[in-house]
Amino acid sequence: MQASEFRAQPGTLYIVATPIGNLRDITLRALDILKTVDLVAAEDTRVSGGLLSAYGISAKLFACHEHNERTAAAALVDQLRQGRSVALVSDAGTPGISDPGAVVARAVREAGLTVVPLPGASAAATALSAAGLAEGRWLFHGFLPHKAGERRRVLATLAGLPQSLLFYESPHRILETVADLATVLGGERRLFIARELTKRFEEFHDGALAEAVEWLQGDDNRQRGEFVLIVSGCPAEVDAGLEEAGRVLEILLEDLPASQAARLAARITGAKKNALYDLAQQLKSDRPE
């Protein structure tokens, strides 16, 4: 296809990926569209305004974030029906991937209007390209729950999966999250840490999960910035053991409280008691009253 300038078309929503750090990581087509749309729907208009200003783009901005996404989607559908063109951007990366945007894209498609995705920067893809996963299989989870108990319960449901697990995390919870990963998934697994991707202090670390907290605590700077965490998948033999432990746990839960059932299941199967307790809590919450 010939490389020529693109212009935004009437009644079209463009999903535009923006840089995750380095402002040069934006496509030429994205710049073409941002220059010619009638409206830019942005997660944070101040952040997107800075990006547009860096490229000399003067555009009308419209706030579209997680707290107003449904009402914003309705307003944007109305704008598109009137023949206006809209670019949807998040603060960084591709909208709709652990960022606002999914509700808007669905609403526009369901309204029978045109949606055009413009590929570009993604923290997940960037980290994966550096990690070099030999097996090529991975599961994107995004952000884990903020509360420790809920976070561990979610991890317990992922513990037996053979795929590598990819998470996003902020500097405020990085130590607690990595500690929970080691406790629930097992310290013998590998953890690839990607920090501050595409930025000045970009850093990678690859090692055993059991050692990851110590590495992070070795330098306060290692706890700063935004993180992508990639944990190796559950080995086949461990996967089988967890399945067996889960079956034993379900039987014990019929007559015992969660803590006692988890302790006995761990003694019978050799599985980790903490992981079984979190799984027990999840199983009990899923049962009908």
# chains A, B, ... in the order shown; residues from 1 in each chain; ligands from 1
>>> residues_around(residues="region 146-163 of chain A", least_positions_apart="3", cutoff="6 Å", atoms="only C-alpha atoms", output="PyMOL selection string")
chain A and resi 137-138+185+233-234+239+275+278-279
>>> residues_around(residues="Cys64 (chain A)", least_positions_apart="5", cutoff="7 Å", atoms="only C-alpha atoms", output="compact mmCIF listing (two decimals) with C-alpha atoms, in the first residue's frame")
# COMPACT_ATOMS: atom_id res chain seq x y z
CA ALA A 41 -11.94 11.67 23.22
CA ALA A 42 -9.24 11.36 25.88
CA GLU A 43 -8.87 9.53 29.20
CA GLU A 69 -17.47 6.07 30.05
CA ALA A 72 -19.48 9.64 27.19
>>> residues_around(residues="region 128-130 of chain A", least_positions_apart="3", cutoff="9 Å", atoms="only C-alpha atoms", output="list in words")
Ala123, Ala124, Ala125, Leu133, Leu166, Ala194, Phe204 and Ile230 of chain A
>>> select_by_dssp(residues="region 22-128 of chain A", states="alpha helix (DSSP H)", output="number ranges by chain")
A: 28-36, 45-54, 69-81, 102-110, 123-128
>>> atom_distance(atom1="CA of Ala17 (chain A)", atom2="CA of Ser164 (chain A)")
24.6 Å
>>> select_by_dssp(residues="region 18-78 of chain A", states="strand (DSSP E or B)", output="ChimeraX atom specification")
/A:18,39-42,61-63
>>> residues_around(residues="Leu229 (chain A)", least_positions_apart="2", cutoff="8 Å", atoms="only C-alpha atoms", output="list in words")
Leu165, Leu166, Phe167, Tyr168, Glu169, Leu191, Phe192, Ile193, Ala194, Phe227 and Val231 of chain A
>>> write_last_selection(atoms="N, CA and C atoms", output="JSON list (two decimals), in the first residue's frame")
[["chain", "number", "residue", "atom", "x", "y", "z"],
["A", 165, "LEU", "N", 1.72, -15.81, 32.58],
["A", 165, "LEU", "CA", 0.71, -14.87, 33.03],
["A", 165, "LEU", "C", 1.28, -13.46, 33.01],
["A", 166, "LEU", "N", 0.55, -12.53, 32.39],
["A", 166, "LEU", "CA", 1.04, -11.16, 32.24],
["A", 166, "LEU", "C", 0.14, -10.21, 33.03],
["A", 167, "PHE", "N", 0.78, -9.43, 33.91],
["A", 167, "PHE", "CA", 0.06, -8.49, 34.77],
["A", 167, "PHE", "C", 0.64, -7.08, 34.61],
["A", 168, "TYR", "N", -0.21, -6.09, 34.84],
["A", 168, "TYR", "CA", 0.24, -4.72, 35.00],
["A", 168, "TYR", "C", 0.23, -4.40, 36.50],
["A", 169, "GLU", "N", 1.14, -3.54, 36.94],
["A", 169, "GLU", "CA", 1.12, -3.13, 38.34],
["A", 169, "GLU", "C", 1.73, -1.74, 38.50],
["A", 191, "LEU", "N", 10.02, -14.98, 37.03],
["A", 191, "LEU", "CA", 9.31, -13.70, 36.91],
["A", 191, "LEU", "C", 10.17, -12.75, 36.08],
["A", 192, "PHE", "N", 9.58, -12.25, 35.00],
["A", 192, "PHE", "CA", 10.23, -11.23, 34.17],
["A", 192, "PHE", "C", 9.60, -9.90, 34.52],
["A", 193, "ILE", "N", 10.41, -8.97, 35.00],
["A", 193, "ILE", "CA", 9.94, -7.64, 35.37],
["A", 193, "ILE", "C", 10.38, -6.63, 34.32],
["A", 194, "ALA", "N", 9.42, -5.89, 33.76],
["A", 194, "ALA", "CA", 9.73, -4.81, 32.83],
["A", 194, "ALA", "C", 9.25, -3.51, 33.47],
["A", 227, "PHE", "N", 4.87, -1.03, 35.88],
["A", 227, "PHE", "CA", 5.45, -2.36, 35.72],
["A", 227, "PHE", "C", 4.60, -3.26, 34.84],
["A", 231, "VAL", "N", 4.90, -13.94, 34.55],
["A", 231, "VAL", "CA", 5.23, -15.11, 35.36],
["A", 231, "VAL", "C", 5.13, -16.36, 34.50]]
>>> closest_residue(among="A:Thr114, A:Ser98, A:Thr27, A:Asn68", to="Tyr14 (chain A)", atoms="only C-alpha atoms")
A:Thr114
>>> closest_atom_pairs(of="region 105-164 of chain A", to="region 22-25 of chain A", cutoff="12 Å", atoms="only C-alpha atoms", output="JSON lines")
{"residue": "A:Pro119", "atom": "CA", "partner": "A:Asp25", "partner_atom": "CA", "distance": 11.4}
{"residue": "A:Gly120", "atom": "CA", "partner": "A:Asp25", "partner_atom": "CA", "distance": 7.9}
{"residue": "A:Ala121", "atom": "CA", "partner": "A:Asp25", "partner_atom": "CA", "distance": 6.8}
{"residue": "A:Ser122", "atom": "CA", "partner": "A:Asp25", "partner_atom": "CA", "distance": 10.2}
{"residue": "A:Ala123", "atom": "CA", "partner": "A:Asp25", "partner_atom": "CA", "distance": 11.8}
{"residue": "A:Thr126", "atom": "CA", "partner": "A:Asp25", "partner_atom": "CA", "distance": 11.4}
>>> write_last_selection(atoms="C-alpha atoms", output="short mmCIF file (atom, residue, chain, number, x, y, z; two decimals), in the first residue's frame")
data_model
loop_
_atom_site.label_atom_id
_atom_site.label_comp_id
_atom_site.auth_asym_id
_atom_site.auth_seq_id
_atom_site.Cartn_x
_atom_site.Cartn_y
_atom_site.Cartn_z
CA PRO A 119 -2.38 -0.22 15.94
CA GLY A 120 0.57 1.06 17.88
CA ALA A 121 2.22 1.05 21.30
CA SER A 122 1.18 -1.55 23.90
CA ALA A 123 2.97 -2.18 27.18
CA THR A 126 6.56 -4.36 24.31
#
>>> closest_residue(among="A:Ser90, A:Ile268, A:Glu66, A:Leu139", to="Arg247 (chain A)", atoms="only C-alpha atoms")
A:Ile268
>>> closest_residue(among="A:Ala54, A:Leu113, A:Leu118, A:Ala105", to="Leu28 (chain A)", atoms="only C-alpha atoms")
A:Leu118
>>> atom_distance(atom1="CA of Arg106 (chain A)", atom2="CA of Leu76 (chain A)")
11.8 Å
>>> atom_distance(atom1="CA of Val108 (chain A)", atom2="CA of Ala73 (chain A)")
7.6 Å
>>> closest_residue(among="A:Ala266, A:Val228, A:Val116, A:Leu13", to="Glu244 (chain A)", atoms="only C-alpha atoms")
A:Ala266
>>> decode(residues="region 128-244 of chain A", atoms="C-alpha atoms", output="PDB file, in the first residue's frame")
ATOM      1  CA  LEU A 128       6.690  -9.719  25.682  1.00  0.00           C
ATOM      2  CA  SER A 129       9.064  -8.840  22.857  1.00  0.00           C
ATOM      3  CA  ALA A 130      11.884  -8.335  25.372  1.00  0.00           C
ATOM      4  CA  ALA A 131      11.013 -11.339  27.555  1.00  0.00           C
ATOM      5  CA  GLY A 132      11.644 -13.883  24.784  1.00  0.00           C
ATOM      6  CA  LEU A 133       9.075 -16.502  25.824  1.00  0.00           C
ATOM      7  CA  ALA A 134      10.182 -19.740  24.209  1.00  0.00           C
ATOM      8  CA  GLU A 135       6.748 -21.385  24.364  1.00  0.00           C
ATOM      9  CA  GLY A 136       4.946 -18.401  22.842  1.00  0.00           C
ATOM     10  CA  ARG A 137       1.820 -18.912  24.982  1.00  0.00           C
ATOM     11  CA  TRP A 138       0.655 -16.234  27.388  1.00  0.00           C
ATOM     12  CA  LEU A 139      -2.442 -14.995  29.148  1.00  0.00           C
ATOM     13  CA  PHE A 140      -3.063 -11.280  29.624  1.00  0.00           C
ATOM     14  CA  HIS A 141      -4.718 -10.441  32.935  1.00  0.00           C
ATOM     15  CA  GLY A 142      -3.935  -6.755  33.371  1.00  0.00           C
ATOM     16  CA  PHE A 143      -4.262  -5.268  36.860  1.00  0.00           C
ATOM     17  CA  LEU A 144      -4.917  -7.543  39.833  1.00  0.00           C
ATOM     18  CA  PRO A 145      -7.347  -6.475  42.600  1.00  0.00           C
ATOM     19  CA  HIS A 146      -6.076  -3.845  45.039  1.00  0.00           C
ATOM     20  CA  LYS A 147      -7.104  -5.716  48.193  1.00  0.00           C
ATOM     21  CA  ALA A 148      -4.726  -8.479  49.293  1.00  0.00           C
ATOM     22  CA  GLY A 149      -7.349 -11.156  50.016  1.00  0.00           C
ATOM     23  CA  GLU A 150      -9.133 -10.682  46.712  1.00  0.00           C
ATOM     24  CA  ARG A 151      -5.818 -10.550  44.853  1.00  0.00           C
ATOM     25  CA  ARG A 152      -4.748 -13.906  46.323  1.00  0.00           C
ATOM     26  CA  ARG A 153      -8.096 -15.497  45.472  1.00  0.00           C
ATOM     27  CA  VAL A 154      -7.741 -14.393  41.854  1.00  0.00           C
ATOM     28  CA  LEU A 155      -4.189 -15.738  41.711  1.00  0.00           C
ATOM     29  CA  ALA A 156      -5.369 -19.082  43.116  1.00  0.00           C
ATOM     30  CA  THR A 157      -7.723 -19.447  40.134  1.00  0.00           C
ATOM     31  CA  LEU A 158      -4.763 -18.831  37.774  1.00  0.00           C
ATOM     32  CA  ALA A 159      -2.231 -21.026  39.558  1.00  0.00           C
ATOM     33  CA  GLY A 160      -2.745 -24.169  37.478  1.00  0.00           C
ATOM     34  CA  LEU A 161      -2.687 -22.553  34.021  1.00  0.00           C
ATOM     35  CA  PRO A 162       0.177 -23.648  31.742  1.00  0.00           C
ATOM     36  CA  GLN A 163       0.458 -20.279  29.979  1.00  0.00           C
ATOM     37  CA  SER A 164       2.734 -17.468  31.124  1.00  0.00           C
ATOM     38  CA  LEU A 165       0.708 -14.867  33.030  1.00  0.00           C
ATOM     39  CA  LEU A 166       1.042 -11.159  32.245  1.00  0.00           C
ATOM     40  CA  PHE A 167       0.062  -8.490  34.770  1.00  0.00           C
ATOM     41  CA  TYR A 168       0.240  -4.716  35.004  1.00  0.00           C
ATOM     42  CA  GLU A 169       1.125  -3.131  38.342  1.00  0.00           C
ATOM     43  CA  SER A 170       1.729   0.312  39.819  1.00  0.00           C
ATOM     44  CA  PRO A 171       4.660   1.323  42.062  1.00  0.00           C
ATOM     45  CA  HIS A 172       2.320   1.608  45.065  1.00  0.00           C
ATOM     46  CA  ARG A 173       1.558  -2.132  45.181  1.00  0.00           C
ATOM     47  CA  ILE A 174       4.523  -3.730  43.417  1.00  0.00           C
ATOM     48  CA  LEU A 175       6.096  -5.261  46.556  1.00  0.00           C
ATOM     49  CA  GLU A 176       2.818  -6.672  47.889  1.00  0.00           C
ATOM     50  CA  THR A 177       1.807  -8.062  44.502  1.00  0.00           C
ATOM     51  CA  VAL A 178       5.142  -9.770  43.850  1.00  0.00           C
ATOM     52  CA  ALA A 179       5.085 -11.273  47.357  1.00  0.00           C
ATOM     53  CA  ASP A 180       1.590 -12.663  46.687  1.00  0.00           C
ATOM     54  CA  LEU A 181       2.694 -14.056  43.320  1.00  0.00           C
ATOM     55  CA  ALA A 182       5.459 -16.005  45.055  1.00  0.00           C
ATOM     56  CA  THR A 183       3.187 -17.234  47.851  1.00  0.00           C
ATOM     57  CA  VAL A 184       0.285 -18.382  45.680  1.00  0.00           C
ATOM     58  CA  LEU A 185       2.014 -19.439  42.450  1.00  0.00           C
ATOM     59  CA  GLY A 186       5.255 -20.747  43.950  1.00  0.00           C
ATOM     60  CA  GLY A 187       8.655 -19.129  44.336  1.00  0.00           C
ATOM     61  CA  GLU A 188      10.290 -21.543  41.895  1.00  0.00           C
ATOM     62  CA  ARG A 189       8.553 -19.962  38.905  1.00  0.00           C
ATOM     63  CA  ARG A 190      10.323 -17.360  36.771  1.00  0.00           C
ATOM     64  CA  LEU A 191       9.313 -13.704  36.910  1.00  0.00           C
ATOM     65  CA  PHE A 192      10.233 -11.231  34.175  1.00  0.00           C
ATOM     66  CA  ILE A 193       9.937  -7.636  35.373  1.00  0.00           C
ATOM     67  CA  ALA A 194       9.727  -4.807  32.826  1.00  0.00           C
ATOM     68  CA  ARG A 195       9.836  -1.339  34.370  1.00  0.00           C
ATOM     69  CA  GLU A 196       9.416   2.109  32.820  1.00  0.00           C
ATOM     70  CA  LEU A 197       9.127   0.746  29.273  1.00  0.00           C
ATOM     71  CA  THR A 198      10.462   3.076  26.518  1.00  0.00           C
ATOM     72  CA  LYS A 199      11.396   5.708  29.116  1.00  0.00           C
ATOM     73  CA  ARG A 200      14.799   6.954  30.243  1.00  0.00           C
ATOM     74  CA  PHE A 201      15.127   4.491  33.135  1.00  0.00           C
ATOM     75  CA  GLU A 202      13.739   1.425  31.361  1.00  0.00           C
ATOM     76  CA  GLU A 203      14.855  -1.717  33.184  1.00  0.00           C
ATOM     77  CA  PHE A 204      14.384  -5.493  32.956  1.00  0.00           C
ATOM     78  CA  HIS A 205      14.938  -8.259  35.478  1.00  0.00           C
ATOM     79  CA  ASP A 206      14.523 -12.008  34.992  1.00  0.00           C
ATOM     80  CA  GLY A 207      14.791 -14.401  37.929  1.00  0.00           C
ATOM     81  CA  ALA A 208      13.049 -16.725  40.356  1.00  0.00           C
ATOM     82  CA  LEU A 209       9.847 -15.401  41.917  1.00  0.00           C
ATOM     83  CA  ALA A 210      11.191 -16.205  45.376  1.00  0.00           C
ATOM     84  CA  GLU A 211      14.014 -13.684  44.895  1.00  0.00           C
ATOM     85  CA  ALA A 212      12.017 -10.911  43.218  1.00  0.00           C
ATOM     86  CA  VAL A 213      11.006  -8.957  46.346  1.00  0.00           C
ATOM     87  CA  GLU A 214      14.622  -8.895  47.524  1.00  0.00           C
ATOM     88  CA  TRP A 215      15.710  -7.582  44.114  1.00  0.00           C
ATOM     89  CA  LEU A 216      13.087  -4.821  44.212  1.00  0.00           C
ATOM     90  CA  GLN A 217      14.121  -3.840  47.736  1.00  0.00           C
ATOM     91  CA  GLY A 218      17.792  -3.754  46.746  1.00  0.00           C
ATOM     92  CA  ASP A 219      17.349  -0.282  45.233  1.00  0.00           C
ATOM     93  CA  ASP A 220      14.455   2.099  45.862  1.00  0.00           C
ATOM     94  CA  ASN A 221      14.569   3.153  42.205  1.00  0.00           C
ATOM     95  CA  ARG A 222      13.526  -0.362  41.204  1.00  0.00           C
ATOM     96  CA  GLN A 223      10.150   0.234  42.843  1.00  0.00           C
ATOM     97  CA  ARG A 224       9.379   3.334  40.767  1.00  0.00           C
ATOM     98  CA  GLY A 225       7.430   3.649  37.548  1.00  0.00           C
ATOM     99  CA  GLU A 226       4.885   1.409  35.863  1.00  0.00           C
ATOM    100  CA  PHE A 227       5.449  -2.359  35.724  1.00  0.00           C
ATOM    101  CA  VAL A 228       4.676  -5.282  33.461  1.00  0.00           C
ATOM    102  CA  LEU A 229       5.108  -8.638  35.231  1.00  0.00           C
ATOM    103  CA  ILE A 230       5.341 -11.903  33.297  1.00  0.00           C
ATOM    104  CA  VAL A 231       5.229 -15.110  35.364  1.00  0.00           C
ATOM    105  CA  SER A 232       6.101 -18.463  33.809  1.00  0.00           C
ATOM    106  CA  GLY A 233       3.250 -20.960  33.480  1.00  0.00           C
ATOM    107  CA  CYS A 234       2.493 -23.866  35.758  1.00  0.00           C
ATOM    108  CA  PRO A 235       4.666 -26.924  34.968  1.00  0.00           C
ATOM    109  CA  ALA A 236       2.630 -29.914  33.783  1.00  0.00           C
ATOM    110  CA  GLU A 237       3.405 -32.059  36.824  1.00  0.00           C
ATOM    111  CA  VAL A 238       2.490 -29.230  39.208  1.00  0.00           C
ATOM    112  CA  ASP A 239      -0.691 -28.599  37.218  1.00  0.00           C
ATOM    113  CA  ALA A 240      -1.764 -32.214  37.749  1.00  0.00           C
ATOM    114  CA  GLY A 241      -0.954 -31.959  41.460  1.00  0.00           C
ATOM    115  CA  LEU A 242      -3.050 -28.809  41.846  1.00  0.00           C
ATOM    116  CA  GLU A 243      -5.986 -30.450  40.107  1.00  0.00           C
ATOM    117  CA  GLU A 244      -5.812 -33.383  42.515  1.00  0.00           C
TER     118      GLU A 244
END
